[in-house]
Structures are given as structure tokens and as C-alpha cells.
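S.K.: To be precise about what I am sending: the file is called entry_20.tsv and holds TSV, C-alpha atoms.
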chain	number	residue	atom	x	y	z
A	1	MET	CA	4.31	6.43	-36.94
A	2	VAL	CA	1.26	7.22	-39.07
A	3	TYR	CA	1.17	10.94	-38.46
A	4	ASN	CA	4.67	12.34	-38.85
A	5	SER	CA	5.26	15.87	-37.59
A	6	ALA	CA	5.46	17.46	-41.03
A	7	THR	CA	2.21	15.85	-42.18
A	8	LEU	CA	0.36	16.80	-39.01
A	9	SER	CA	1.62	20.35	-39.09
A	10	LYS	CA	0.48	20.70	-42.66
A	11	LEU	CA	-2.92	19.24	-41.79
A	12	PHE	CA	-3.32	21.64	-38.89
A	13	LEU	CA	-2.48	24.63	-41.07
A	14	LEU	CA	-4.93	23.44	-43.70
A	15	LEU	CA	-7.64	23.04	-41.07
A	16	CYS	CA	-6.95	26.55	-39.85
A	17	SER	CA	-7.28	27.88	-43.38
A	18	VAL	CA	-10.60	26.02	-43.73
A	19	HIS	CA	-11.71	27.62	-40.44
A	20	SER	CA	-10.83	31.05	-41.79
A	21	ALA	CA	-12.52	30.41	-45.11
A	22	LEU	CA	-15.74	29.28	-43.45
A	23	GLY	CA	-15.80	32.33	-41.22
A	24	ALA	CA	-16.90	30.20	-38.27
A	25	SER	CA	-15.43	29.27	-34.92
A	26	VAL	CA	-14.57	25.63	-35.54
A	27	ASN	CA	-12.79	23.64	-32.86
A	28	THR	CA	-9.91	21.53	-34.10
A	29	LEU	CA	-7.38	19.13	-32.66
A	30	SER	CA	-3.78	20.25	-32.81
A	31	ALA	CA	-1.17	18.38	-34.80
A	32	ALA	CA	0.49	17.28	-31.57
A	33	THR	CA	-2.77	15.89	-30.19
A	34	LEU	CA	-3.54	14.02	-33.41
A	35	LYS	CA	-0.13	12.44	-33.20
A	36	LEU	CA	-0.82	11.28	-29.66
A	37	VAL	CA	-4.17	9.81	-30.69
A	38	ALA	CA	-2.52	7.79	-33.44
A	39	SER	CA	0.26	6.70	-31.08
A	40	ASN	CA	-2.21	5.53	-28.43
A	41	LEU	CA	-4.03	3.45	-30.99
A	42	ALA	CA	-0.82	1.97	-32.39
A	43	SER	CA	0.41	0.86	-28.98
A	44	HIS	CA	-2.90	-0.60	-27.80
A	45	SER	CA	-4.32	-2.36	-30.88
A	46	THR	CA	-3.76	-5.92	-29.68
A	47	ASP	CA	-7.32	-7.13	-30.33
A	48	SER	CA	-8.20	-8.20	-33.85
A	49	TRP	CA	-11.14	-5.83	-34.26
A	50	VAL	CA	-9.13	-2.91	-32.89
A	51	SER	CA	-6.38	-3.67	-35.40
A	52	GLY	CA	-9.08	-3.89	-38.03
A	53	VAL	CA	-10.57	-0.48	-37.34
A	54	ARG	CA	-7.06	0.91	-36.99
A	55	SER	CA	-6.18	-0.41	-40.45
A	56	GLU	CA	-9.27	1.29	-41.88
A	57	ALA	CA	-8.46	4.55	-40.10
A	58	LEU	CA	-4.93	4.42	-41.48
A	59	LEU	CA	-6.13	3.81	-45.04
A	60	GLU	CA	-8.63	6.66	-44.89
A	61	THR	CA	-6.15	9.03	-43.24
A	62	SER	CA	-2.70	8.22	-44.61
A	63	TYR	CA	-3.39	6.31	-47.83
A	64	PRO	CA	-6.65	7.88	-49.04
A	65	SER	CA	-6.32	6.70	-52.65
A	66	LEU	CA	-6.66	3.13	-51.33
A	67	SER	CA	-9.76	3.91	-49.28
A	68	VAL	CA	-13.18	3.02	-50.70
A	69	TYR	CA	-14.11	6.65	-50.13
A	70	ARG	CA	-12.04	7.52	-53.20
A	71	SER	CA	-13.28	6.71	-56.69
A	72	VAL	CA	-9.76	5.53	-57.57
A	73	TYR	CA	-9.60	2.82	-54.91
A	74	THR	CA	-9.69	0.00	-57.47
A	75	THR	CA	-6.57	1.38	-59.22
A	76	LEU	CA	-3.92	-0.63	-57.39
A	77	ASP	CA	-0.78	0.83	-58.90
A	78	PHE	CA	2.11	0.58	-56.45
A	79	SER	CA	4.85	1.66	-58.85
A	80	VAL	CA	4.96	4.92	-56.90
A	81	THR	CA	6.44	4.17	-53.49
A	82	SER	CA	4.21	6.66	-51.69
A	83	ARG	CA	1.17	4.60	-52.64
A	84	VAL	CA	2.46	1.55	-50.79
A	85	PRO	CA	0.59	1.36	-47.44
A	86	THR	CA	3.72	0.79	-45.39
A	87	VAL	CA	2.15	1.21	-41.97
A	88	THR	CA	-0.81	-1.09	-42.58
A	89	ASN	CA	1.57	-3.59	-44.18
A	90	GLN	CA	3.56	-3.59	-40.94
A	91	LEU	CA	0.38	-4.09	-38.97
A	92	ILE	CA	-0.55	-7.13	-41.09
A	93	ALA	CA	2.97	-8.56	-40.88
A	94	ALA	CA	2.66	-8.64	-37.10
A	95	TRP	CA	-0.51	-10.72	-37.36
A	96	VAL	CA	0.98	-13.02	-40.01
A	97	LYS	CA	3.90	-13.71	-37.70
A	98	ILE	CA	1.64	-15.25	-35.03
A	99	ARG	CA	-0.90	-16.89	-37.36
A	100	PRO	CA	-0.94	-20.71	-37.04
A	101	THR	CA	-0.10	-22.52	-40.29
A	102	THR	CA	-3.29	-24.58	-39.88
A	103	ALA	CA	-5.55	-21.52	-39.58
A	104	THR	CA	-8.51	-21.02	-41.89
A	105	GLU	CA	-9.18	-17.49	-40.62
A	106	LEU	CA	-6.89	-14.48	-40.85
A	107	VAL	CA	-6.59	-14.33	-37.08
A	108	VAL	CA	-7.11	-17.07	-34.52
A	109	VAL	CA	-7.97	-15.90	-31.01
A	110	SER	CA	-9.29	-18.32	-28.43
A	111	GLY	CA	-12.81	-17.29	-27.55
A	112	GLY	CA	-12.74	-14.48	-30.09
A	113	ALA	CA	-15.55	-13.51	-32.43
A	114	ALA	CA	-15.71	-15.25	-35.79
A	115	GLY	CA	-16.53	-12.00	-37.53
A	116	ASP	CA	-13.70	-9.87	-36.15
A	117	PRO	CA	-10.76	-11.22	-38.23
A	118	ALA	CA	-12.46	-10.06	-41.43
A	119	SER	CA	-12.01	-6.46	-40.25
A	120	LEU	CA	-8.36	-6.89	-41.28
A	121	GLY	CA	-9.25	-8.31	-44.68
A	122	VAL	CA	-8.93	-5.22	-46.86
A	123	ALA	CA	-5.56	-4.26	-45.36
A	124	TRP	CA	-4.40	-7.89	-45.64
A	125	TYR	CA	-5.27	-7.97	-49.33
A	126	LEU	CA	-3.49	-4.65	-49.93
A	127	ALA	CA	-0.43	-5.94	-48.06
A	128	GLY	CA	-0.32	-8.82	-50.53
A	129	VAL	CA	-0.77	-6.93	-53.77
A	130	SER	CA	1.63	-4.16	-52.73
A	131	GLN	CA	4.45	-6.57	-51.81
A	132	PRO	CA	5.23	-8.94	-54.72
A	133	LYS	CA	7.33	-11.35	-52.66
A	134	LEU	CA	4.47	-11.87	-50.21
A	135	LYS	CA	1.59	-11.72	-52.64
A	136	THR	CA	0.95	-15.44	-53.08
A	137	SER	CA	1.00	-16.33	-49.39
A	138	TYR	CA	-0.99	-13.30	-48.25
A	139	LEU	CA	-3.69	-13.70	-50.90
A	140	ASN	CA	-3.99	-17.39	-50.05
A	141	MET	CA	-4.74	-16.35	-46.47
A	142	VAL	CA	-7.36	-13.89	-47.72
A	143	GLN	CA	-8.99	-16.64	-49.78
A	144	GLN	CA	-9.04	-18.90	-46.73
A	145	GLU	CA	-10.87	-16.21	-44.77
A	146	LEU	CA	-13.40	-15.79	-47.57
A	147	GLY	CA	-13.87	-19.55	-47.69
A	148	PHE	CA	-14.44	-19.68	-43.94
A	149	LEU	CA	-17.01	-16.88	-44.00
A	150	THR	CA	-18.97	-18.09	-47.01
A	151	GLY	CA	-18.63	-21.85	-46.60
A	152	THR	CA	-17.87	-22.82	-43.01
A	153	LEU	CA	-19.25	-20.23	-40.59
A	154	LYS	CA	-22.63	-21.08	-39.06
A	155	ARG	CA	-25.70	-19.16	-40.19
A	156	THR	CA	-29.33	-18.67	-39.33
A	157	SER	CA	-31.80	-20.64	-41.39
A	158	ASP	CA	-32.26	-17.66	-43.72
A	159	GLY	CA	-28.54	-17.02	-44.16
A	160	ALA	CA	-27.33	-14.48	-41.59
A	161	MET	CA	-23.74	-15.33	-40.64
A	162	SER	CA	-22.98	-15.82	-36.97
A	163	HIS	CA	-20.63	-13.33	-35.33
A	164	ARG	CA	-19.51	-16.02	-32.92
A	165	PRO	CA	-17.31	-19.08	-33.60
A	166	ASN	CA	-18.75	-22.41	-34.69
A	167	THR	CA	-18.18	-23.86	-31.22
A	168	GLU	CA	-21.00	-21.60	-29.99
A	169	PRO	CA	-24.65	-21.19	-31.04
A	170	VAL	CA	-25.40	-18.78	-33.86
A	171	GLN	CA	-25.48	-15.25	-32.51
A	172	LEU	CA	-25.90	-11.90	-34.27
A	173	TRP	CA	-24.08	-8.77	-33.09
A	174	SER	CA	-24.52	-5.34	-34.65
A	175	ASP	CA	-20.70	-4.97	-34.53
A	176	PHE	CA	-20.49	-7.63	-37.28
A	177	VAL	CA	-21.69	-5.19	-39.93
A	178	TYR	CA	-18.46	-3.17	-39.71
A	179	MET	CA	-16.24	-6.26	-39.67
A	180	VAL	CA	-17.53	-8.56	-42.43
A	181	PRO	CA	-19.73	-6.92	-45.12
A	182	PRO	CA	-17.16	-4.24	-46.09
A	183	PHE	CA	-14.55	-6.97	-46.64
A	184	LEU	CA	-16.94	-9.09	-48.73
A	185	ALA	CA	-17.97	-6.08	-50.82
A	186	TYR	CA	-14.37	-5.00	-51.41
A	187	MET	CA	-13.23	-8.45	-52.50
A	188	GLY	CA	-16.32	-8.80	-54.65
A	189	VAL	CA	-15.58	-5.58	-56.51
A	190	ILE	CA	-11.84	-6.21	-56.86
A	191	ASN	CA	-12.48	-9.67	-58.30
A	192	ASN	CA	-15.71	-8.83	-60.18
A	193	ASN	CA	-17.42	-11.48	-58.07
A	194	ALA	CA	-21.16	-10.81	-58.00
A	195	SER	CA	-21.75	-13.51	-55.39
A	196	LEU	CA	-19.51	-11.76	-52.84
A	197	ILE	CA	-21.02	-8.36	-53.58
A	198	LEU	CA	-24.54	-9.67	-53.08
A	199	GLU	CA	-23.47	-11.60	-49.99
A	200	SER	CA	-22.22	-8.36	-48.48
A	201	TYR	CA	-25.50	-6.63	-49.21
A	202	ASN	CA	-27.56	-9.57	-47.96
A	203	GLN	CA	-25.70	-9.70	-44.66
A	204	CYS	CA	-26.56	-6.03	-44.09
A	205	ARG	CA	-30.17	-6.74	-45.06
A	206	LEU	CA	-30.50	-9.77	-42.80
A	207	TYR	CA	-28.82	-8.14	-39.84
A	208	ARG	CA	-31.16	-5.16	-40.15
A	209	GLN	CA	-34.11	-7.54	-40.40
A	210	TYR	CA	-33.14	-9.24	-37.15
A	211	LEU	CA	-31.74	-6.36	-35.09
A	212	GLN	CA	-33.69	-3.23	-36.01
A	213	ASP	CA	-36.05	-1.93	-33.35
A	214	PRO	CA	-39.28	-1.08	-35.22
A	215	THR	CA	-40.15	1.78	-32.88
A	216	THR	CA	-36.94	3.80	-33.06
A	217	GLY	CA	-35.22	2.50	-36.19
A	218	LEU	CA	-32.09	1.84	-34.12
A	219	TRP	CA	-30.52	-1.60	-33.79
A	220	LYS	CA	-30.40	-4.00	-30.86
A	221	HIS	CA	-26.91	-5.11	-29.90
A	222	VAL	CA	-26.98	-8.93	-29.62
A	223	LEU	CA	-29.69	-11.45	-30.49
A	224	LEU	CA	-29.94	-15.26	-30.58
A	225	GLY	CA	-27.42	-17.55	-28.96
A	226	SER	CA	-27.34	-18.47	-25.27
A	227	TRP	CA	-27.76	-14.85	-24.10
A	228	THR	CA	-28.81	-11.53	-25.61
A	229	ASP	CA	-28.35	-7.78	-25.26
A	230	LYS	CA	-31.53	-6.27	-26.67
A	231	GLY	CA	-30.48	-2.77	-25.67
A	232	LEU	CA	-29.85	-0.15	-28.36
A	233	TRP	CA	-26.12	0.16	-27.71
A	234	GLY	CA	-24.55	3.32	-29.08
A	235	THR	CA	-21.32	1.76	-30.35
A	236	GLY	CA	-23.21	-1.16	-31.90
A	237	ASN	CA	-25.37	1.25	-33.87
A	238	ALA	CA	-22.31	3.26	-34.91
A	239	TRP	CA	-20.54	0.08	-36.05
A	240	ALA	CA	-23.57	-0.88	-38.14
A	241	ALA	CA	-24.01	2.56	-39.72
A	242	ALA	CA	-20.29	2.97	-40.46
A	243	GLY	CA	-20.07	-0.53	-41.90
A	244	MET	CA	-22.98	-0.02	-44.25
A	245	ALA	CA	-21.54	3.34	-45.32
A	246	ARG	CA	-18.33	1.54	-46.32
A	247	VAL	CA	-20.29	-1.03	-48.34
A	248	LEU	CA	-22.24	1.82	-49.94
A	249	ALA	CA	-19.05	3.63	-50.95
A	250	THR	CA	-17.49	0.40	-52.22
A	251	LEU	CA	-20.41	-0.15	-54.59
A	252	MET	CA	-20.81	3.51	-55.59
A	253	TYR	CA	-17.16	3.90	-56.61
A	254	SER	CA	-16.93	0.52	-58.32
A	255	PRO	CA	-17.21	-0.07	-62.08
A	256	TYR	CA	-20.50	-1.86	-61.35
A	257	ALA	CA	-22.43	0.92	-59.63
A	258	ALA	CA	-25.22	0.89	-62.23
A	259	THR	CA	-25.69	-2.83	-61.79
A	260	TYR	CA	-26.21	-2.46	-58.05
A	261	SER	CA	-28.32	0.71	-58.03
A	262	SER	CA	-31.07	-1.00	-56.04
A	263	GLN	CA	-28.62	-2.19	-53.40
A	264	ILE	CA	-27.06	1.30	-53.25
A	265	ASN	CA	-30.49	2.81	-52.63
A	266	ASP	CA	-31.25	0.33	-49.86
A	267	LEU	CA	-27.90	0.87	-48.14
A	268	THR	CA	-28.46	4.62	-48.31
A	269	THR	CA	-31.85	4.24	-46.64
A	270	TRP	CA	-30.65	1.83	-43.98
A	271	THR	CA	-27.64	3.90	-42.98
A	272	ASN	CA	-29.68	7.08	-42.76
A	273	GLU	CA	-32.26	5.29	-40.62
A	274	ILE	CA	-29.62	4.81	-37.94
A	275	THR	CA	-27.97	8.22	-38.11
A	276	THR	CA	-31.30	10.06	-38.14
A	277	ALA	CA	-32.69	8.08	-35.21
A	278	ALA	CA	-29.46	8.43	-33.24
A	279	PHE	CA	-29.24	12.18	-33.70
A	280	LYS	CA	-32.77	12.59	-32.35
A	281	GLN	CA	-31.45	11.43	-28.99
A	282	ILE	CA	-28.52	13.82	-28.63
A	283	ASN	CA	-28.07	15.25	-25.15
A	284	THR	CA	-28.49	18.96	-25.85
A	285	LYS	CA	-26.51	19.84	-22.72
A	286	THR	CA	-23.38	17.89	-23.69
A	287	ASN	CA	-23.94	17.48	-27.47
A	288	LEU	CA	-23.07	13.80	-27.16
A	289	LEU	CA	-25.04	10.62	-27.86
A	290	PRO	CA	-26.04	8.14	-25.14
A	291	ASN	CA	-24.24	4.87	-24.52
A	292	TYR	CA	-27.60	3.08	-24.62
A	293	TYR	CA	-30.41	4.76	-26.51
A	294	SER	CA	-32.90	2.50	-24.73
A	295	SER	CA	-31.93	3.54	-21.20
A	296	THR	CA	-32.74	6.70	-19.26
A	297	SER	CA	-29.95	6.02	-16.74
A	298	THR	CA	-27.12	5.68	-19.24
A	299	PHE	CA	-24.11	7.97	-19.65
A	300	ASP	CA	-23.03	10.09	-22.61
A	301	ASP	CA	-20.48	8.27	-24.78
A	302	SER	CA	-17.83	10.19	-26.70
A	303	ALA	CA	-16.70	7.07	-28.60
A	304	SER	CA	-19.91	6.11	-30.37
A	305	SER	CA	-20.68	9.80	-30.86
A	306	ALA	CA	-17.42	10.15	-32.80
A	307	LEU	CA	-18.07	7.20	-35.10
A	308	MET	CA	-21.70	8.16	-35.74
A	309	ALA	CA	-20.71	11.71	-36.66
A	310	ALA	CA	-17.94	10.40	-38.91
A	311	THR	CA	-20.52	8.30	-40.74
A	312	VAL	CA	-22.71	11.34	-41.34
A	313	TYR	CA	-19.80	13.26	-42.87
A	314	ARG	CA	-19.07	10.26	-45.11
A	315	LEU	CA	-22.68	10.07	-46.26
A	316	ALA	CA	-22.63	13.79	-47.00
A	317	SER	CA	-19.46	13.45	-49.07
A	318	LEU	CA	-21.05	10.59	-51.00
A	319	GLY	CA	-24.11	12.75	-51.69
A	320	LYS	CA	-26.26	10.22	-49.81
A	321	LEU	CA	-27.15	12.06	-46.60
A	322	ASN	CA	-30.85	12.64	-46.03
A	323	ASN	CA	-31.99	15.90	-44.44
A	324	GLN	CA	-28.41	17.08	-44.85
A	325	SER	CA	-28.65	20.50	-43.26
A	326	ALA	CA	-30.06	19.16	-39.99
A	327	GLN	CA	-27.78	16.13	-39.80
A	328	ILE	CA	-24.63	18.12	-40.55
A	329	THR	CA	-25.60	20.71	-37.96
A	330	THR	CA	-25.90	17.96	-35.37
A	331	ALA	CA	-22.69	16.30	-36.53
A	332	GLU	CA	-20.86	19.58	-36.06
A	333	LEU	CA	-22.13	19.89	-32.49
A	334	ILE	CA	-21.04	16.33	-31.77
A	335	ARG	CA	-17.64	16.76	-33.42
A	336	LYS	CA	-16.81	19.78	-31.29
A	337	ALA	CA	-18.01	18.00	-28.15
A	338	VAL	CA	-15.88	14.95	-28.97
A	339	TYR	CA	-12.81	17.11	-29.57
A	340	GLY	CA	-13.48	18.76	-26.23
A	341	ASN	CA	-13.22	15.35	-24.56
A	342	VAL	CA	-9.78	14.62	-26.03
A	343	VAL	CA	-7.06	15.35	-23.48
A	344	ALA	CA	-4.50	17.44	-25.35
A	345	SER	CA	-1.56	16.28	-23.24
A	346	THR	CA	-2.25	12.54	-23.68
A	347	GLY	CA	-4.40	12.20	-26.79
A	348	TRP	CA	-6.94	9.98	-25.03
A	349	LEU	CA	-10.63	10.49	-25.75
A	350	THR	CA	-12.37	10.53	-22.37
A	351	ASN	CA	-15.91	9.74	-21.22
A	352	VAL	CA	-16.10	6.64	-23.37
A	353	VAL	CA	-17.65	3.21	-22.95
A	354	ASN	CA	-15.48	0.24	-22.04
A	355	PRO	CA	-15.72	-1.86	-25.23
A	356	LEU	CA	-15.50	-5.06	-23.18
A	357	SER	CA	-18.03	-4.01	-20.53
A	358	TRP	CA	-20.78	-2.13	-22.29
A	359	THR	CA	-22.40	-0.43	-19.29
A	360	VAL	CA	-19.13	0.83	-17.82
A	361	GLN	CA	-17.60	4.21	-18.58
A	362	THR	CA	-13.85	4.68	-18.84
A	363	ASN	CA	-11.34	7.26	-20.01
A	364	GLN	CA	-9.16	5.08	-22.22
A	365	SER	CA	-10.39	2.93	-25.10
A	366	PRO	CA	-8.19	1.98	-28.06
A	367	GLU	CA	-11.12	1.69	-30.48
A	368	ALA	CA	-12.27	5.16	-29.43
A	369	GLU	CA	-8.91	6.51	-30.63
A	370	ALA	CA	-9.62	4.98	-34.03
A	371	PHE	CA	-13.02	6.67	-34.01
A	372	VAL	CA	-11.34	10.03	-33.43
A	373	MET	CA	-9.10	9.42	-36.45
A	374	LEU	CA	-12.10	8.40	-38.56
A	375	LEU	CA	-14.04	11.47	-37.46
A	376	GLN	CA	-11.14	13.81	-38.15
A	377	THR	CA	-10.53	12.55	-41.67
A	378	ALA	CA	-14.24	12.24	-42.55
A	379	TRP	CA	-14.86	15.81	-41.41
A	380	TYR	CA	-11.78	17.06	-43.22
A	381	ASP	CA	-12.75	15.35	-46.46
A	382	TRP	CA	-16.29	16.72	-46.28
A	383	THR	CA	-15.17	20.25	-45.36
A	384	THR	CA	-12.52	20.53	-48.06
A	385	GLY	CA	-14.35	18.54	-50.71
A	386	SER	CA	-11.50	16.04	-50.97
A	387	VAL	CA	-13.94	13.33	-51.97
A	388	ARG	CA	-16.22	15.40	-54.12
A	389	MET	CA	-13.69	17.52	-55.95
A	390	LYS	CA	-11.32	15.58	-58.19
A	391	GLN	CA	-10.65	12.93	-55.54
A	392	ARG	CA	-7.50	14.73	-54.50
A	393	SER	CA	-5.22	13.45	-51.76
A	394	ARG	CA	-5.63	14.97	-48.31
A	395	PHE	CA	-2.01	15.94	-47.83
In C-alpha cells, write the structure found in this file.

M.R.:
Amino acid sequence: MVYNSATLSKLFLLLCSVHSALGASVNTLSAATLKLVASNLASHSTDSWVSGVRSEALLETSYPSLSVYRSVYTTLDFSVTSRVPTVTNQLIAAWVKIRPTTATELVVVSGGAAGDPASLGVAWYLAGVSQPKLKTSYLNMVQQELGFLTGTLKRTSDGAMSHRPNTEPVQLWSDFVYMVPPFLAYMGVINNNASLILESYNQCRLYRQYLQDPTTGLWKHVLLGSWTDKGLWGTGNAWAAAGMARVLATLMYSPYAATYSSQINDLTTWTNEITTAAFKQINTKTNLLPNYYSSTSTFDDSASSALMAATVYRLASLGKLNNQSAQITTAELIRKAVYGNVVASTGWLTNVVNPLSWTVQTNQSPEAEAFVMLLQTAWYDWTTGSVRMKQRSRF
């Protein structure tokens, strides 16, 4: 279990002390509820992208020194047992167990997206370098995934990688930006590989070029291929913003930040474009964001609201949030509304979109549980200054 009782109790007490120090009425999730959220995610992360976002949530929450939101993330010293990401290693081991020996991707799922397996890439790499006996085989798998993405996967004529497998026409999904560019940027920094770093940046640039709606600044969901979804889907925009924020942090906290100052500036601008435009469309009655920004008949979606707010807290901690006072004020409204939609007795975030049927509302979504974890830890880090002040561990 990611959140053990002692850790969660300590976190809850710390949050209460933050509440007292701020002198404000701040809604929080109890330790017991946080534990249920993590448990729900653990028992329902059977899809590759859900496992991917779970692995990122675990790194940010339970192994923060390995997260790109810490300036020490490139220091991979596992001589101290507590630094070994045991839970994410277990997650990766489960995928390795069912991976075909002939695979060229980390995960092979019939009919699955070509971009989704890369969402596990960072955790897969860490599982290799933190376990000497498995290092060679795991890192070979990581290299195969990189080779597939950069050398085999179909692209548009100007270089945008398809999110769909090579058996289908090239198709671009906003979701891709959370799955692939952060992995490319991370591996580029770890290996001092400028080509991978620039590839990560260029994929963000190209996807924005194709998907951004010029009127609102928000992104369309799916373009090209045999069908499209030109709607401004809330979760798709949150995936894109959160993915670019991860690439931004990866470059900022790398030894090569000065070299990529132009790319850092662009990523800052592009991420803020989405968060700013999204927050303009908050429902002031519910303090949640819409499932589709382009539809007047849509429902409020707690899931995308959680991930978008988490991204704003991350940008603030990085010192890269534009119009910070206004955006943080809105993020606080959203955070409290999201927490209010978490059922304390079950841990499920309710009033969320069905991730497999984008116009349907449901009350149980595994990826939404990951978004709650990401929101909780991003808010906590921003509130306590865990990122800004000496990069200290959360717990």
C-alpha cells in the first residue's frame, strides 16, 4: 500500500498545521480517505495509461526525491533503502511478467494506443536502476520503447508522432502529451541526449500547432485519422497541460537548464495558455470545470478539474505561473470543490467523466483517483514550500 496509516496520519496532521498557520478555512481529505483513494487506484489500474499516471502519482507522493518536481531527481542514489521506489517497482514487475519477449514497446495491448506505454517509461527506468539484478533487462526494454517512438512510430509529414498504432492512420490526441514527451525529456536529461530533449519539446510544439483552438487557446481532443473529436475536452486539456508542466520541470531542474532556456520559456507560455483559458470557464456555482469547454450542454467534471488545478499548483511551485494570484485563487476554489466530491467512506471521486466514453458521466474512474493524488501532493508541496524551500521530502 502506498499510503500506510502512519504516513497518512502524519500528512493529515501536517495539513492541519498548515491550515492553522494560514488562518483560513481550508478543506482537506482525511488520512483514511486518502488511503482509500490510493487503494482504489491500485486495484483498478489495469490499463497502461492508468498504470502510467498511477506511477507518476506514486513518485510525486511517496518518492518525491525521484520526481522531476525536485531539483535532486537526477541523483539516483539507491544506497539508502528508503529511496528505492518499491511500490512502483512492483507495478512495473507486473507489466514485465506479461510482456511478450518479441515486444518492441513496454506494453503490448491489442487495439491500444501507441503513446500510452511510454507513460510507464520513467518508472520502468527507475525500476531498472534501483534493482541491480534487473537493470540490464529493464533498461533494454526502455531502449526498445525509445527506439519504437523515435524510429518506428508513424508521424505526420512535419514530425508529430501518432498516438495510435502503426496499423491505423496517423492520429493526434491531446492525451499523448502526458504520455510521451515527459518520458523523452526524462531519458534525454538522464543520458545527456540532446536529441531526445529536443524531440520532447518538438512533440509539445507540434501537438499545440495542430490541436490548439485559436479562439480560446484550449486544445481539441483528436485530429486526423479516420475520425476526429474536435471538441475541447476537459481531460484532454488537463493531460496536455500536466504533461508540458512535467517536461518544463524536467528541463528546469536538469544540469542543462541554461542550454534550453528558450524551450523552458515556450513550455511556460504554452502551459499557462491552457490553464488560463480553462479557468475562465469555471462554473461559479459548482467551482468545477466543464467536461467539454466547447459545449453548453456538458456536465461539470471533477476529474479534469483536479488535474488542471494540480498543474497550476505545480507551475506556481516552479515559479512559472502567470497571473499567479488569480490562478491560485481559482485553483483553491476547484480544489475544495473536488475534495467535496470525494466520498469519504469509499474514496471515490464522483461526478467524473467516463474516460472511455467522453460524453458520459460516472462516479468511478481509476484515472480520476490518480488525479486526486496528484492534486493533493501538488497543493501540499505548494502550500508548504516543499519544492521551493530546500527541496525537502514531504514526509

S.K.: What lies within 10 Å of A:Leu333 using all atoms listed in the file, ignoring chain neighbours under 2 positions off, as JSON, numbers by chain?

M.R.: {"A": [26, 282, 284, 286, 287, 288, 309, 327, 328, 329, 330, 331, 335, 336, 337, 338]}

S.K.: Near stretch 216-222 of chain A, counting only C-alpha atoms, which residues have an atom at most 7 Å away, once you skip same-chain residues fewer than 6 positions from it, shown as an MDAnalysis selection string?

M.R.: chainID A and resid 172:174 228:233 236:237 273:274 277

S.K.: Looking at A:Ala114, A:Pro182, A:Ala194, A:Leu321, which one is nearest to A:Ser162, with distances taken over all atoms listed in the file?

M.R.: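 For A:Ser162, the nearest of the candidates is A:Ala114.
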
S.K.: So, with all atoms listed in the file as the atoms that count, which of A:Leu149, A:Ala127, A:Ala57, A:Leu34 lies closest to A:Leu76?

M.R.: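 Smallest separation from A:Leu76 among the options: A:Ala127.
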
S.K.: Which of these, A:Met308, A:Ile92, A:Leu248, A:Leu211, has the shortest distance to A:Ser45 once you count all atoms listed in the file?

M.R.: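 Of the candidates, the smallest distance to A:Ser45 is held by A:Ile92.
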
S.K.: Stretch 368-385 of chain A: which residues within 6 Å, counting all atoms listed in the file, same-chain residues fewer than 6 positions away excluded, as a JSON list (two decimals) with C-alpha atoms, in the coordinates of the input?

M.R.:
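Wrote it out as result_27.json, contents follow:
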[["chain", "number", "residue", "atom", "x", "y", "z"],
["A", 37, "VAL", "CA", -4.17, 9.81, -30.69],
["A", 41, "LEU", "CA", -4.03, 3.45, -30.99],
["A", 54, "ARG", "CA", -7.06, 0.91, -36.99],
["A", 57, "ALA", "CA", -8.46, 4.55, -40.10],
["A", 61, "THR", "CA", -6.15, 9.03, -43.24],
["A", 303, "ALA", "CA", -16.70, 7.07, -28.60],
["A", 306, "ALA", "CA", -17.42, 10.15, -32.80],
["A", 307, "LEU", "CA", -18.07, 7.20, -35.10],
["A", 310, "ALA", "CA", -17.94, 10.40, -38.91],
["A", 313, "TYR", "CA", -19.80, 13.26, -42.87],
["A", 314, "ARG", "CA", -19.07, 10.26, -45.11],
["A", 317, "SER", "CA", -19.46, 13.45, -49.07]]

S.K.: Leaving out A:Thr346 and any residue of its chain fewer than 3 positions from it, which residues lie within 8 Å of it when counting all atoms listed in the file, given as a ChimeraX atom specification?

M.R.: /A:33,36-37,343

S.K.: May I have the protein, DNA and RNA residues with an atom at most 6 Å from (-12.2, 19.7, -30.3), counting all atoms listed in the file in the file's coordinates, returned as a tab-separated table (two decimals) with C-alpha atoms, in the coordinates of the input?

M.R.:
chain	number	residue	atom	x	y	z
A	27	ASN	CA	-12.79	23.64	-32.86
A	28	THR	CA	-9.91	21.53	-34.10
A	29	LEU	CA	-7.38	19.13	-32.66
A	336	LYS	CA	-16.81	19.78	-31.29
A	339	TYR	CA	-12.81	17.11	-29.57
A	340	GLY	CA	-13.48	18.76	-26.23

S.K.: Just checking: using all atoms listed in the file, which residue out of A:Glu105, A:Asp175, A:Glu332, A:Asp266 ends up closest to A:Pro355?

M.R.: A:Asp175

S.K.: Would you mind listing what lies within 7 Å of A:Gly115 as a tab-separated table (two decimals) with C-alpha atoms, keeping the file's coordinate frame, with all atoms listed in the file counted and same-chain residues fewer than 2 positions away left out?

M.R.:
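Final file, out_14.tsv:
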chain	number	residue	atom	x	y	z
A	113	ALA	CA	-15.55	-13.51	-32.43
A	117	PRO	CA	-10.76	-11.22	-38.23
A	118	ALA	CA	-12.46	-10.06	-41.43
A	163	HIS	CA	-20.63	-13.33	-35.33
A	164	ARG	CA	-19.51	-16.02	-32.92
A	176	PHE	CA	-20.49	-7.63	-37.28
A	179	MET	CA	-16.24	-6.26	-39.67
A	180	VAL	CA	-17.53	-8.56	-42.43

S.K.: Find the distance between atom CA of A:Ser55 and atom CA of A:Leu223 and write it in Å to one decimal.

M.R.: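 Distance reported for this atom pair: 27.8 Å.
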
S.K.: Anything within 9 Å of (-7.2, -3.1, -28.0): list those residues as a PyMOL selection string, counting all atoms listed in the file and sticking to the file's coordinates.

M.R.: chain A and resi 41+43-51+365-367

S.K.: Please determine, counting all atoms listed in the file, which residue among A:Trp124, A:Val109, A:Lys285, A:Gly159 has the shortest atom-to-atom distance to A:Ala94.

M.R.: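 Result for the nearest residue to A:Ala94: A:Trp124.
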